[in-house]
$ cat model_19.tsv   # TSV, C-alpha atoms
chain	number	residue	atom	x	y	z
V	1	MET	CA	8.87	-1.05	-16.60
V	2	THR	CA	5.21	-1.50	-17.46
V	3	PHE	CA	3.09	-3.19	-14.83
V	4	GLY	CA	0.76	-5.98	-15.93
V	5	SER	CA	-1.88	-6.91	-13.38
V	6	TRP	CA	-2.08	-7.66	-9.68
V	7	ILE	CA	-3.92	-10.87	-10.56
V	8	ASP	CA	-1.01	-12.23	-12.61
V	9	THR	CA	0.64	-15.29	-11.10
V	10	GLY	CA	3.63	-17.45	-11.93
V	11	ARG	CA	6.22	-14.70	-11.44
V	12	SER	CA	9.88	-15.66	-11.24
V	13	ARG	CA	10.49	-13.28	-8.30
V	14	PRO	CA	8.52	-11.22	-5.79
V	15	LEU	CA	7.12	-7.90	-6.93
V	16	VAL	CA	9.05	-4.95	-5.51
V	17	ILE	CA	6.66	-2.41	-3.99
V	18	ALA	CA	8.11	0.97	-3.04
V	19	HIS	CA	6.57	1.86	0.35
V	20	ARG	CA	5.26	5.45	0.49
V	21	GLY	CA	6.38	5.73	-3.09
V	22	GLY	CA	9.98	4.86	-2.17
V	23	ALA	CA	10.54	6.98	0.92
V	24	ALA	CA	14.29	6.27	0.97
V	25	LEU	CA	14.65	7.95	-2.42
V	26	GLY	CA	12.93	11.30	-1.91
V	27	PRO	CA	9.90	13.01	-0.35
V	28	GLU	CA	7.39	10.33	0.58
V	29	ASN	CA	4.29	9.93	-1.58
V	30	SER	CA	5.54	12.40	-4.20
V	31	ALA	CA	5.66	12.31	-7.99
V	32	ILE	CA	9.45	12.66	-8.13
V	33	THR	CA	9.87	9.75	-5.74
V	34	PHE	CA	7.49	7.59	-7.78
V	35	SER	CA	9.72	8.25	-10.79
V	36	LEU	CA	12.89	7.45	-8.86
V	37	ALA	CA	11.32	4.23	-7.58
V	38	GLY	CA	10.66	3.11	-11.13
V	39	GLU	CA	14.25	3.91	-12.11
V	40	ALA	CA	15.43	1.90	-9.08
V	41	GLY	CA	13.57	-1.20	-10.25
V	42	ALA	CA	10.27	-1.04	-8.38
V	43	ASP	CA	7.33	-2.81	-9.99
V	44	ALA	CA	4.81	-0.75	-8.05
V	45	VAL	CA	4.52	2.12	-5.62
V	46	GLU	CA	2.47	2.19	-2.44
V	47	THR	CA	0.75	5.38	-1.34
V	48	ASP	CA	-1.81	6.35	1.29
V	49	VAL	CA	-5.25	7.83	0.77
V	50	ARG	CA	-7.01	10.24	3.13
V	51	VAL	CA	-9.64	12.92	2.64
V	52	SER	CA	-9.31	16.68	3.23
V	53	ALA	CA	-11.88	18.95	4.87
V	54	ASP	CA	-13.23	19.92	1.47
V	55	GLY	CA	-13.49	16.34	0.24
V	56	ALA	CA	-10.29	16.00	-1.81
V	57	LEU	CA	-8.66	12.57	-1.84
V	58	VAL	CA	-5.02	13.15	-0.89
V	59	CYS	CA	-1.94	10.95	-0.54
V	60	LEU	CA	-0.80	11.39	3.06
V	61	HIS	CA	0.24	8.66	5.46
V	62	ASP	CA	-0.39	10.25	8.86
V	63	ALA	CA	-3.71	11.37	10.29
V	64	ASP	CA	-2.17	14.75	11.15
V	65	MET	CA	0.50	17.01	9.70
V	66	GLN	CA	2.88	17.04	12.66
V	67	ARG	CA	5.60	14.69	11.37
V	68	ILE	CA	5.90	16.01	7.84
V	69	ALA	CA	5.01	19.68	8.30
V	70	GLY	CA	5.27	20.48	12.02
V	71	ASP	CA	1.55	21.26	12.17
V	72	PRO	CA	-0.55	19.31	14.70
V	73	ARG	CA	-3.83	19.75	12.83
V	74	SER	CA	-5.48	16.70	11.31
V	75	VAL	CA	-5.65	16.10	7.57
V	76	GLU	CA	-9.43	15.95	7.68
V	77	ALA	CA	-9.57	19.40	9.35
V	78	LEU	CA	-7.65	21.13	6.55
V	79	ASP	CA	-8.75	21.96	3.02
V	80	LEU	CA	-6.73	20.99	-0.03
V	81	ALA	CA	-5.21	24.44	-0.53
V	82	THR	CA	-3.91	24.50	3.06
V	83	LEU	CA	-2.50	20.99	2.75
V	84	GLN	CA	-0.72	21.97	-0.46
V	85	ASP	CA	0.76	25.02	1.27
V	86	LEU	CA	2.10	22.76	4.02
V	87	VAL	CA	3.36	20.06	1.63
V	88	PRO	CA	4.17	21.48	-1.81
V	89	ASP	CA	4.79	17.96	-3.18
V	90	LEU	CA	1.35	16.77	-2.07
V	91	LEU	CA	-0.46	14.54	-4.56
V	92	THR	CA	-4.17	14.19	-4.93
V	93	LEU	CA	-5.27	10.65	-5.73
V	94	GLU	CA	-5.95	11.66	-9.32
V	95	ALA	CA	-2.43	13.08	-9.65
V	96	ALA	CA	-0.88	10.02	-7.98
V	97	ILE	CA	-2.56	7.70	-10.45
V	98	ALA	CA	-1.15	9.71	-13.34
V	99	ALA	CA	2.31	10.10	-11.78
V	100	SER	CA	2.66	6.39	-10.98
V	101	ALA	CA	2.16	5.19	-14.57
V	102	PRO	CA	3.31	2.77	-15.90
V	103	LEU	CA	4.03	1.21	-12.50
V	104	GLY	CA	1.49	-0.60	-10.39
V	105	ILE	CA	-0.02	1.41	-7.56
V	106	LEU	CA	-1.10	0.09	-4.16
V	107	LEU	CA	-3.56	2.38	-2.39
V	108	ASP	CA	-3.42	2.04	1.39
V	109	VAL	CA	-6.90	3.34	2.10
V	110	LYS	CA	-6.95	5.03	5.50
V	111	LEU	CA	-10.68	5.75	5.19
V	112	THR	CA	-13.56	3.65	6.49
V	113	ASP	CA	-16.57	5.35	4.92
V	114	GLY	CA	-18.10	3.48	1.98
V	115	THR	CA	-18.84	6.75	0.18
V	116	HIS	CA	-15.15	7.58	0.10
V	117	ILE	CA	-14.28	4.06	-1.04
V	118	ALA	CA	-16.70	4.38	-3.95
V	119	GLU	CA	-15.11	7.71	-4.89
V	120	ILE	CA	-11.64	6.14	-4.80
V	121	VAL	CA	-12.81	3.39	-7.15
V	122	ARG	CA	-14.35	5.93	-9.53
V	123	THR	CA	-11.15	7.98	-9.53
V	124	VAL	CA	-9.03	4.94	-10.33
V	125	GLU	CA	-11.37	3.92	-13.12
V	126	ALA	CA	-11.45	7.45	-14.55
V	127	GLY	CA	-7.65	7.41	-14.60
V	128	GLY	CA	-7.62	4.18	-16.60
V	129	ALA	CA	-5.71	2.40	-13.82
V	130	SER	CA	-8.09	-0.38	-12.80
V	131	ARG	CA	-5.67	-3.16	-13.78
V	132	ARG	CA	-2.53	-1.66	-12.29
V	133	ALA	CA	-4.17	-0.44	-9.05
V	134	ILE	CA	-4.94	-2.47	-5.95
V	135	LEU	CA	-7.03	-1.37	-2.97
V	136	GLY	CA	-5.43	-1.95	0.42
V	137	LEU	CA	-8.33	-2.28	2.86
V	138	ARG	CA	-8.08	-2.44	6.65
V	139	SER	CA	-11.19	-4.33	7.68
V	140	MET	CA	-13.22	-7.34	6.63
V	141	GLY	CA	-16.24	-5.08	6.41
V	142	LEU	CA	-14.59	-2.85	3.82
V	143	ILE	CA	-13.52	-5.84	1.72
V	144	ALA	CA	-17.10	-7.08	1.72
V	145	GLU	CA	-18.42	-3.59	0.97
V	146	VAL	CA	-16.15	-3.13	-2.04
V	147	ARG	CA	-17.24	-6.44	-3.48
V	148	SER	CA	-20.89	-5.60	-2.83
V	149	MET	CA	-20.39	-2.53	-5.05
V	150	GLY	CA	-19.53	-4.83	-7.93
V	151	CYS	CA	-15.96	-3.53	-7.94
V	152	GLU	CA	-13.60	-5.94	-9.71
V	153	MET	CA	-10.35	-4.19	-8.79
V	154	ALA	CA	-7.76	-6.25	-6.95
V	155	VAL	CA	-7.97	-6.04	-3.15
V	156	LEU	CA	-5.21	-6.47	-0.56
V	157	GLY	CA	-6.22	-7.24	3.00
V	158	LEU	CA	-4.25	-5.00	5.39
V	159	LEU	CA	-5.67	-6.75	8.42
V	160	PRO	CA	-4.48	-6.89	12.04
V	161	ASP	CA	-4.82	-10.68	12.39
V	162	ALA	CA	-2.06	-12.55	10.59
V	163	ASP	CA	-4.19	-15.69	10.65
V	164	SER	CA	-7.26	-14.21	8.95
V	165	SER	CA	-6.27	-14.89	5.35
V	166	GLU	CA	-8.97	-17.51	4.76
V	167	GLU	CA	-11.73	-15.16	5.91
V	168	ALA	CA	-10.31	-12.36	3.75
V	169	ALA	CA	-10.34	-14.68	0.74
V	170	ASP	CA	-13.93	-15.71	1.43
V	171	LEU	CA	-14.96	-12.04	1.33
V	172	GLY	CA	-13.22	-11.40	-1.98
V	173	ALA	CA	-9.63	-10.33	-1.26
V	174	ASP	CA	-6.96	-11.23	-3.81
V	175	TRP	CA	-3.89	-10.49	-1.71
V	176	PHE	CA	-2.97	-10.67	1.99
V	177	ARG	CA	-0.37	-8.59	3.85
V	178	LEU	CA	1.94	-10.15	6.44
V	179	TRP	CA	4.33	-8.11	8.54
V	180	GLN	CA	7.94	-9.29	8.42
V	181	GLY	CA	7.85	-10.55	11.99
V	182	GLU	CA	4.66	-12.55	11.34
V	183	ALA	CA	5.69	-14.05	8.02
V	184	SER	CA	6.18	-17.81	8.00
V	185	ALA	CA	6.06	-20.61	5.46
V	186	ASP	CA	2.91	-21.96	7.12
V	187	ARG	CA	1.05	-18.63	6.97
V	188	ILE	CA	2.04	-18.09	3.37
V	189	ALA	CA	0.92	-21.62	2.48
V	190	THR	CA	-2.43	-21.09	4.21
V	191	ALA	CA	-3.04	-17.86	2.31
V	192	ARG	CA	-2.09	-19.41	-1.00
V	193	LYS	CA	-4.28	-22.42	-0.40
V	194	ALA	CA	-7.15	-19.95	0.04
V	195	GLY	CA	-6.29	-18.47	-3.37
V	196	LEU	CA	-4.43	-15.38	-2.16
V	197	GLN	CA	-1.11	-13.87	-3.11
V	198	VAL	CA	1.05	-12.67	-0.22
V	199	ALA	CA	2.85	-9.36	0.28
V	200	ILE	CA	5.33	-8.96	3.14
V	201	MET	CA	5.81	-5.52	4.73
V	202	VAL	CA	9.28	-5.07	6.21
V	203	GLY	CA	9.99	-3.50	9.59
V	204	GLN	CA	7.71	-2.91	12.55
V	205	PRO	CA	4.16	-1.60	12.63
V	206	ARG	CA	4.24	2.04	13.75
V	207	ASN	CA	1.29	1.69	16.09
V	208	VAL	CA	1.97	-1.64	17.83
V	209	ALA	CA	5.71	-2.31	17.96
V	210	LEU	CA	6.32	-5.77	19.41
V	211	PRO	CA	9.60	-7.03	20.87
V	212	HIS	CA	9.80	-10.10	18.60
V	213	TYR	CA	9.62	-7.98	15.47
V	214	PRO	CA	12.74	-6.92	13.54
V	215	GLN	CA	14.17	-3.87	15.26
V	216	PHE	CA	13.64	-1.49	12.36
V	217	PRO	CA	10.88	1.05	11.73
V	218	VAL	CA	8.26	0.28	9.12
V	219	GLY	CA	9.76	0.16	5.63
V	220	LEU	CA	13.35	-0.52	6.74
V	221	VAL	CA	15.19	-3.84	6.62
V	222	ASP	CA	18.74	-5.19	6.74
V	223	ALA	CA	20.50	-7.73	4.52
V	224	GLU	CA	19.83	-10.59	6.94
V	225	GLY	CA	16.12	-9.82	7.01
V	226	LEU	CA	15.93	-9.63	3.22
V	227	GLU	CA	17.67	-12.97	2.84
V	228	LYS	CA	15.12	-14.59	5.16
V	229	LEU	CA	12.29	-13.05	3.16
V	230	ARG	CA	13.75	-14.28	-0.12
V	231	LYS	CA	13.75	-17.82	1.26
V	232	LEU	CA	10.05	-17.47	2.10
V	233	ALA	CA	9.44	-16.48	-1.54
V	234	PRO	CA	6.40	-14.21	-1.09
V	235	ASP	CA	4.60	-12.73	-4.08
V	236	ALA	CA	5.65	-9.18	-3.16
V	237	ILE	CA	7.89	-7.32	-0.72
V	238	MET	CA	7.12	-3.77	0.43
V	239	LEU	CA	10.01	-1.57	1.54
V	240	ASP	CA	11.20	2.04	1.45
V	241	ASP	CA	14.23	1.38	-0.76
V	242	PRO	CA	13.59	-0.71	-3.88
V	243	ARG	CA	17.32	-0.66	-4.69
V	244	LEU	CA	17.82	-3.30	-1.99
V	245	LEU	CA	16.02	-5.85	-4.16
$ encode --input "model_19.tsv" --output "structure tokens"
Amino acid sequence: MTFGSWIDTGRSRPLVIAHRGGAALGPENSAITFSLAGEAGADAVETDVRVSADGALVCLHDADMQRIAGDPRSVEALDLATLQDLVPDLLTLEAAIAASAPLGILLDVKLTDGTHIAEIVRTVEAGGASRRAILGLRSMGLIAEVRSMGCEMAVLGLLPDADSSEEAADLGADWFRLWQGEASADRIATARKAGLQVAIMVGQPRNVALPHYPQFPVGLVDAEGLEKLRKLAPDAIMLDDPRLL
């Protein structure tokens, strides 16, 4: 499946975004899993962007290597060669852009420094992926900063306040993320009125798990939860297993 553009509207169904590349299908954030996600029907893959000690942009979700490699050291304290020794499937951003084609690619940017953001944009542009890539940014300041650079790539607001869609739109976001437990018809309508498309992330946030959320870790969902999401008709759904949709 060839991805068109994140700015396209009028779809007949929500986009299927494979979280961490489709973590239910294989090693998270890996080239083989990207390929499997495409075969399973995903429209796009989501991956995470951090920076190594020697300045390489790498696709790793966690701030440290404990969960995936049993090493407590932080990503930013290790150079690329060491990270690749710990995780043989590790992708640099450049490699992830190539491996994800022709799918869309959502970059969950874990970095807050504008210099790194500019480098991410340059890497995407150099890979010819400006239309099929979207920047997932975690603060209003970063959204404003990206737009001040003159960057025209699509932007998804990955913001902590579920009711901040209008502010995100004012600063130049194109999409807004809602967690499954926060998603409602009213919030989706508010975001769309502001000109945004809405992506729903299934499961619970890893850092602030709340009792009213679905009792599944981030990326996981059951049939009942998916049926409720279908009725809300968002523009995209993010989950670990694209086969469920």
$ closest_residue --input "model_19.tsv" --among "V:Glu145, V:Glu227, V:Asp54, V:Asp43" --to "Thr82 (chain V)" --atoms "all atoms listed in the file"
V:Asp54
$ residues_near_point --input "model_19.tsv" --point "(7.5, -16.7, 9.2)" --cutoff "12 Å" --atoms "only C-alpha atoms" --output "ChimeraX atom specification"
/V:162-163,178-190,200,212-214,225,228-234
$ residues_around --input "model_19.tsv" --residues "Glu119 (chain V)" --least-positions-apart "4" --cutoff "12 Å" --atoms "all atoms listed in the file" --output "PyMOL selection string"
chain V and resi 49-51+55-57+93-94+109+111+113-115+123-126+146+149+151
$ axis_aligned_box --input "model_19.tsv" --around "region 198-217 of chain V" --padding-each-side "5 Å" --output "JSON"
{"center_x": 7.6, "center_y": -5.3, "center_z": 10.3, "size_x": 23.1, "size_y": 24.7, "size_z": 31.1}
$ atom_distance --input "model_19.tsv" --atom1 "CA of Ala129 (chain V)" --atom2 "CA of Gly172 (chain V)"
19.7 Å
$ closest_residue --input "model_19.tsv" --among "V:Pro102, V:Gly219, V:Gly127, V:Pro27" --to "Ala44 (chain V)" --atoms "all atoms listed in the file"
V:Pro102
$ closest_residue --input "model_19.tsv" --among "V:Asp174, V:Asp64, V:Glu166, V:Glu28" --to "Ala96 (chain V)" --atoms "only C-alpha atoms"
V:Glu28
$ residues_around --input "model_19.tsv" --residues "Thr9 (chain V)" --least-positions-apart "2" --cutoff "9 Å" --atoms "only C-alpha atoms" --output "VMD selection string"
chain V and resid 6 to 7 11 197 235
$ residues_near_point --input "model_19.tsv" --point "(3.5, -10.4, -3.1)" --cutoff "9 Å" --atoms "all atoms listed in the file" --output "number ranges by chain"
V: 14-17, 175-177, 197-200, 233-238
$ residues_around --input "model_19.tsv" --residues "Ile32 (chain V)" --least-positions-apart "4" --cutoff "10 Å" --atoms "all atoms listed in the file" --output "NGL selection string"
:V and (21-22 or 25-28 or 36-37 or 89 or 99-100)
